[in-house]
Protein chains: 2
Amino acid sequence: MIVQEMEGGITTPSGFSCSASKGGLRKSGRNDIAILFSEKKCSAAAVFTTNRLKAACVLVTAKHLSESGGRMHGAVINSGNANALTGEEGLRNAVRMAETAAAELNVSPAEMAVCSTGIIGVQLPIDRVVEGIRKAATALSTSREAATLAAEAIMTTDRRIKESALTLTLSDGRKVSIGGMTKGSGMISPSMAALHATTLTFITTDAPVSQQYLQSCLESCTRRTFNMISVDADQSTNDTILALANGAAGGPAITADPAFEKGLEKVMWQLARMVAMDGEGETKLLTVTVEGAASEEDASAAALSVVKSNLVKCAVFGSDPNVGRIASAIGNSGATVDFGKLDVSIGPEGEVPVIAGGLVTGNAGEAAHLMSGREVFVVVRLNMGVFSSRAMGCDLTYEYVRINSAYST
Amino acid sequence: MIVQEMEGGITTPSGFSCSASKGGLRKSGRNDIAILFSEKKCSAAAVFTTNRLKAACVLVTAKHLSESGGRMHGAVINSGNANALTGEEGLRNAVRMAETAAAELNVSPAEMAVCSTGIIGVQLPIDRVVEGIRKAATALSTSREAATLAAEAIMTTDRRIKESALTLTLSDGRKVSIGGMTKGSGMISPSMAALHATTLTFITTDAPVSQQYLQSCLESCTRRTFNMISVDADQSTNDTILALANGAAGGPAITADPAFEKGLEKVMWQLARMVAMDGEGETKLLTVTVEGAASEEDASAAALSVVKSNLVKCAVFGSDPNVGRIASAIGNSGATVDFGKLDVSIGPEGEVPVIAGGLVTGNAGEAAHLMSGREVFVVVRLNMGVFSSRAMGCDLTYEYVRINSAYST
């Protein structure tokens, strides 16, 4: 398998166009509407938030996915307003967004996904949104720049545009591309499953992929990528990942190909990493690797528990090797652990042991030095089995508190 | 049932003495050792942390409780060091603490509980601790002042001394007292159960209570009080509540009396409330009441999910009525909710509706005003059933980040 990472985004795979426009949802007056579109109908797969409060757009997209039999043309997206906790009017507005885009693009409404992100509990100014969608529909482009404009339009408190792309060679020799864009900065602790979204992520590929296989790949890649990141342990009402495979690369449909799944996971991991790095108030990326767990579930639970701990996050912010907090977070994860066997070390390759055989080593100075960089790596060895997992998060900072204590008003 | 709250603490019930001394664990040189003692042997009950990483003192106290058949004389306590993640040496040190106190007080080591709180992963300077325990053992007093000195000695980052006491009339007319002290400010998200505990809480009563009934009352009261508070959703390795009933009030042993359980719950709720109000960096106390849940578990899960949400906590700090975050936290709790029926209001009695029938009302200004006070009250009505619950927490502030980004070094 040859994977070639490249500068790119959702228009890197053939046949995908996109655009951005102003729907009047942002005080700053920047673009807040985006459309993603493929002339060729796509296999469509999605995973959604498992929060029981699901935004209107999540409910409507799930319905459209089902009504279309997983065959869709694209998505219409707005930032600045989550269209969540908006009752019947919210549902009507989400449907109206899909209908407006569909009418402009000559497809059926059920063939368009709808995604929203922003404040909860406020009705969309639907007339301005409809106008914005109509403008965007006339501006579709397959250019590299269009992808970046779309990725910018879906941002909320994000500081950075998040795109990723690669080309890969399938097992049968065909070359295909996968591209993606994502947004997300706060309320990030996804736990997405089939029918369950505020990180919004859009994956495009020109590979011909059967809908069933696309859904199954998306679910397993989500479990290993987006569901392993946490900014603030608050799962959103809107999290959605939508994958569209338009088959523009030609040839028979893929129903199983490890090369494709590896490529998809790589793009999704890059995007998830960008979300963790852009966590609200974030100054440091925290990556926790757990090895030697008795099961994959134990490995994931322990890794996530460490990246989610406020006390660990504050210690990372302060470059403070307060390793007892790491051990305590592992103890709270529910994973099977014999603390007499626990090894914890700091550094990309676990260079500096800080806990060995369940006892704290004297390496606090070295560890503090390694923790003062832009990226902090914690390697946990449970020595209980052969399973491993990796989670990503960020530090908890004054800036996080500032951003989130003055958001809606 | 007549309950008379009063100024008091662990020496308010007859027959309990205590003292404090310096064990050299604090840079500040303040008292860091405390002893609680009853000449009369007590029925003893305890609940401990459910963190799988349990401090040495937790393991030793659980063992002593079992070896003594739940018949104990008191406890020896240190602050400044948690004696957790300290391996075999830590266990030997915890036993040594009990043995030292027991020898001075002419009781068996298994009749003394051992509790520690402070930094994780550092061995106790046991020689100084032993010396401190010996000093404390010679200074025991039943005075009101002694109780306050003990309550001060067990503090870590706490800003306030936490004591409570009341007298009550049992169903048969006898008058008894219940007193308590607690500490806790960070790493507070207790989920204590029988054999499981850094909030340390000590309850004394001169009521004669059977050991079994004391344990059962302690467990049910813990579920409704300490387990319903959260400062930072990080459960400690050391949480312990120890209840001692010495029977000094005389008369036959109580094996069931709602009056006693009510009194115990009241003291424990007061103490739990003091812990929430003293949360690290706290400027506002947050009380969330959930009514109309389909089950008690749903009510508790929903209430706790709201007080634990970082986004809600930041909004409370900023007096920002970002009510969508409250709804989202309820959605993440796992409770059965029909969001079309959801009512949320702000104020002690729920005076200002902010969500009604699943829709956000236009009362943001009024709500912001009510949120600017020292205490913030959120009342959630799920309208799904008849069960209710109440949880307490605090805001997430710049000061929380400051305290926890520079703690160990």
# chains A, B, ... in the order shown; residues from 1 in each chain; ligands from 1

call {"tool": "interface_residues", "arguments": {"of": "chain A", "to": "chain B", "cutoff": "6 Å", "atoms": "only C-alpha atoms", "output": "mmCIF file with C-alpha atoms, in the first residue's frame"}}
result
data_model
loop_
_atom_site.group_PDB
_atom_site.id
_atom_site.type_symbol
_atom_site.label_atom_id
_atom_site.label_comp_id
_atom_site.auth_asym_id
_atom_site.auth_seq_id
_atom_site.Cartn_x
_atom_site.Cartn_y
_atom_site.Cartn_z
ATOM 1 C CA ASN A 51 -25.989 12.937 23.117
ATOM 2 C CA ARG A 52 -29.701 12.355 23.659
ATOM 3 C CA LEU A 53 -30.321 16.005 22.808
ATOM 4 C CA LEU A 85 -33.201 22.822 21.251
ATOM 5 C CA THR A 86 -35.325 24.547 18.629
ATOM 6 C CA ILE A 120 -27.754 26.119 21.087
ATOM 7 C CA GLY A 121 -31.340 27.224 21.663
ATOM 8 C CA CYS A 314 -3.866 21.839 34.285
ATOM 9 C CA ALA A 315 -0.594 20.049 35.087
ATOM 10 C CA PHE A 317 -0.495 23.644 31.076
ATOM 11 C CA GLY A 318 1.912 24.296 33.962
ATOM 12 C CA ASN A 322 2.359 15.734 38.792
ATOM 13 C CA GLY A 324 0.085 11.001 40.700
ATOM 14 C CA GLY A 331 -7.583 4.295 38.437
ATOM 15 C CA ASN A 332 -10.830 6.113 37.641
ATOM 16 C CA LEU A 359 6.506 3.785 42.211
ATOM 17 C CA VAL A 360 7.333 7.364 41.347
ATOM 18 C CA TYR A 398 -6.872 30.605 31.576
ATOM 19 C CA VAL A 401 -12.061 29.789 31.026
ATOM 20 C CA ASN A 404 -16.268 29.891 27.833
ATOM 21 C CA SER A 405 -17.298 32.318 30.551
ATOM 22 C CA ALA A 406 -18.351 34.878 27.936
ATOM 23 C CA SER A 408 -23.435 33.599 24.390
#

call {"tool": "residues_around", "arguments": {"residues": "Leu140 (chain A)", "least_positions_apart": "2", "cutoff": "9 Å", "atoms": "only C-alpha atoms", "output": "ChimeraX atom specification"}}
result
/A:17-20,35-37,136-138,142,146

call {"tool": "write_last_selection", "arguments": {"atoms": "N, CA and C atoms", "output": "mmCIF file, in the first residue's frame"}}
result
data_model
loop_
_atom_site.group_PDB
_atom_site.id
_atom_site.type_symbol
_atom_site.label_atom_id
_atom_site.label_comp_id
_atom_site.auth_asym_id
_atom_site.auth_seq_id
_atom_site.Cartn_x
_atom_site.Cartn_y
_atom_site.Cartn_z
ATOM 1 N N SER A 17 -17.223 19.433 -5.697
ATOM 2 C CA SER A 17 -17.129 20.889 -5.732
ATOM 3 C C SER A 17 -17.673 21.450 -4.425
ATOM 4 N N CYS A 18 -17.323 22.663 -4.128
ATOM 5 C CA CYS A 18 -17.874 23.302 -2.936
ATOM 6 C C CYS A 18 -17.822 24.815 -3.052
ATOM 7 N N SER A 19 -18.422 25.468 -2.062
ATOM 8 C CA SER A 19 -18.507 26.927 -2.093
ATOM 9 C C SER A 19 -18.861 27.430 -0.704
ATOM 10 N N ALA A 20 -18.763 28.724 -0.512
ATOM 11 C CA ALA A 20 -19.101 29.352 0.768
ATOM 12 C C ALA A 20 -19.797 30.678 0.502
ATOM 13 N N ILE A 35 -21.509 24.724 0.974
ATOM 14 C CA ILE A 35 -22.136 23.599 0.277
ATOM 15 C C ILE A 35 -21.033 22.683 -0.233
ATOM 16 N N LEU A 36 -21.242 21.390 -0.053
ATOM 17 C CA LEU A 36 -20.369 20.365 -0.618
ATOM 18 C C LEU A 36 -21.232 19.576 -1.579
ATOM 19 N N PHE A 37 -20.739 19.313 -2.802
ATOM 20 C CA PHE A 37 -21.595 18.715 -3.834
ATOM 21 C C PHE A 37 -20.796 17.847 -4.800
ATOM 22 N N ALA A 136 -24.556 30.422 -2.450
ATOM 23 C CA ALA A 136 -23.493 29.409 -2.439
ATOM 24 C C ALA A 136 -23.666 28.422 -3.586
ATOM 25 N N ALA A 137 -24.951 28.079 -3.879
ATOM 26 C CA ALA A 137 -25.223 27.076 -4.916
ATOM 27 C C ALA A 137 -24.772 27.534 -6.295
ATOM 28 N N THR A 138 -24.679 28.827 -6.503
ATOM 29 C CA THR A 138 -24.265 29.348 -7.817
ATOM 30 C C THR A 138 -22.753 29.505 -7.898
ATOM 31 N N THR A 142 -14.555 23.318 -8.144
ATOM 32 C CA THR A 142 -13.724 22.174 -7.765
ATOM 33 C C THR A 142 -12.303 22.620 -7.411
ATOM 34 N N ALA A 146 -11.598 26.757 -3.234
ATOM 35 C CA ALA A 146 -12.991 26.600 -2.807
ATOM 36 C C ALA A 146 -13.073 25.726 -1.552
#

call {"tool": "atom_distance", "arguments": {"atom1": "CA of Val378 (chain A)", "atom2": "CA of Phe48 (chain A)"}}
result
29.4 Å

call {"tool": "residues_around", "arguments": {"residues": "region 206-216 of chain B", "least_positions_apart": "4", "cutoff": "8 Å", "atoms": "only C-alpha atoms", "output": "NGL selection string"}}
result
:B and (13-15 or 43-46 or 70-71 or 176-178 or 220 or 243 or 245-256)

call {"tool": "closest_residue", "arguments": {"among": "B:Ala293, B:Ala151, B:Leu124, B:Cys394", "to": "Lys183 (chain B)", "atoms": "only C-alpha atoms"}}
result
B:Ala151

call {"tool": "select_by_dssp", "arguments": {"residues": "region 224-336 of chain B", "states": "helix (DSSP H, G or I)", "output": "ChimeraX atom specification"}}
result
/B:224,226-228,258-277,296-308,310-317,323-331

call {"tool": "atom_distance", "arguments": {"atom1": "CA of Val114 (chain A)", "atom2": "CA of Gly132 (chain A)"}}
result
14.1 Å

call {"tool": "closest_residue", "arguments": {"among": "B:Thr117, B:Asn383, B:Ser141, B:Thr201", "to": "Asn81 (chain B)", "atoms": "only C-alpha atoms"}}
result
B:Thr117

call {"tool": "atom_distance", "arguments": {"atom1": "CA of Gly350 (chain A)", "atom2": "CA of Ala303 (chain A)"}}
result
14.7 Å

call {"tool": "select_by_dssp", "arguments": {"residues": "region 269-361 of chain A", "states": "strand (DSSP E)", "output": "list in words"}}
result
Leu285, Leu286, Thr287, Val288, Thr289, Val290, Glu291, Gly292, Ala293, Asp343, Val344, Ser345, Ile346, Val352, Pro353, Val354, Ile355, Ala356, Leu359 and Val360 of chain A

call {"tool": "residues_around", "arguments": {"residues": "Gly347 (chain A)", "least_positions_apart": "2", "cutoff": "9 Å", "atoms": "only C-alpha atoms", "output": "list of chain:residue names"}}
result
A:Ser345, A:Glu349, A:Gly350, A:Glu351, A:Val352, A:Pro353, A:Ala367, A:Leu370, A:Met371, A:Val376, A:Phe377, A:Val378, A:Val379

call {"tool": "closest_residue", "arguments": {"among": "B:Ile229, B:Ala302, B:Leu149, B:Met181", "to": "Leu271 (chain B)", "atoms": "only C-alpha atoms"}}
result
B:Met181

call {"tool": "closest_residue", "arguments": {"among": "B:Thr148, B:Thr12, B:Ser79, B:Thr157", "to": "Gly279 (chain B)", "atoms": "only C-alpha atoms"}}
result
B:Thr157

call {"tool": "residues_around", "arguments": {"residues": "Ala110 (chain B)", "least_positions_apart": "3", "cutoff": "9 Å", "atoms": "only C-alpha atoms", "output": "compact mmCIF listing (two decimals) with N, CA and C atoms, in the first residue's frame"}}
result
# COMPACT_ATOMS: atom_id res chain seq x y z
N VAL B 60 -5.35 0.00 54.41
CA VAL B 60 -5.12 -0.35 55.81
C VAL B 60 -6.37 -0.13 56.66
N THR B 61 -7.08 0.98 56.42
CA THR B 61 -8.30 1.24 57.20
C THR B 61 -9.37 0.20 56.92
N LYS B 63 -8.87 -2.84 56.08
CA LYS B 63 -8.41 -4.07 56.77
C LYS B 63 -8.68 -3.97 58.27
N HIS B 64 -8.38 -2.83 58.88
CA HIS B 64 -8.59 -2.66 60.32
C HIS B 64 -10.07 -2.73 60.67
N LEU B 65 -10.89 -2.17 59.80
CA LEU B 65 -12.33 -2.19 60.03
C LEU B 65 -12.82 -3.64 60.08
N SER B 66 -12.30 -4.42 59.16
CA SER B 66 -12.69 -5.83 59.10
C SER B 66 -12.10 -6.60 60.28
N GLU B 67 -10.83 -6.41 60.58
CA GLU B 67 -10.18 -7.15 61.68
C GLU B 67 -10.80 -6.83 63.04
N SER B 68 -11.27 -5.59 63.20
CA SER B 68 -11.83 -5.18 64.50
C SER B 68 -13.31 -5.51 64.59
N ARG B 71 -15.42 -2.40 65.26
CA ARG B 71 -15.41 -1.83 66.62
C ARG B 71 -14.10 -1.07 66.75
N MET B 72 -14.13 0.27 66.75
CA MET B 72 -12.90 1.05 66.72
C MET B 72 -12.93 2.16 67.77
N ALA B 98 -0.93 3.81 62.47
CA ALA B 98 -1.94 3.23 63.36
C ALA B 98 -1.30 2.66 64.61
N GLU B 99 -0.20 1.94 64.42
CA GLU B 99 0.48 1.30 65.55
C GLU B 99 0.97 2.35 66.56
N ALA B 102 -2.03 3.76 68.40
CA ALA B 102 -2.61 2.72 69.25
C ALA B 102 -1.76 2.50 70.50
N VAL B 107 -4.74 1.02 72.89
CA VAL B 107 -5.75 0.25 72.19
C VAL B 107 -5.01 -0.62 71.17
N ALA B 113 -8.34 3.85 62.65
CA ALA B 113 -8.34 4.11 61.21
C ALA B 113 -7.17 5.03 60.88

call {"tool": "residues_around", "arguments": {"residues": "Val267 (chain B)", "least_positions_apart": "5", "cutoff": "7 Å", "atoms": "only C-alpha atoms", "output": "PyMOL selection string"}}
result
chain B and resi 164-165+180
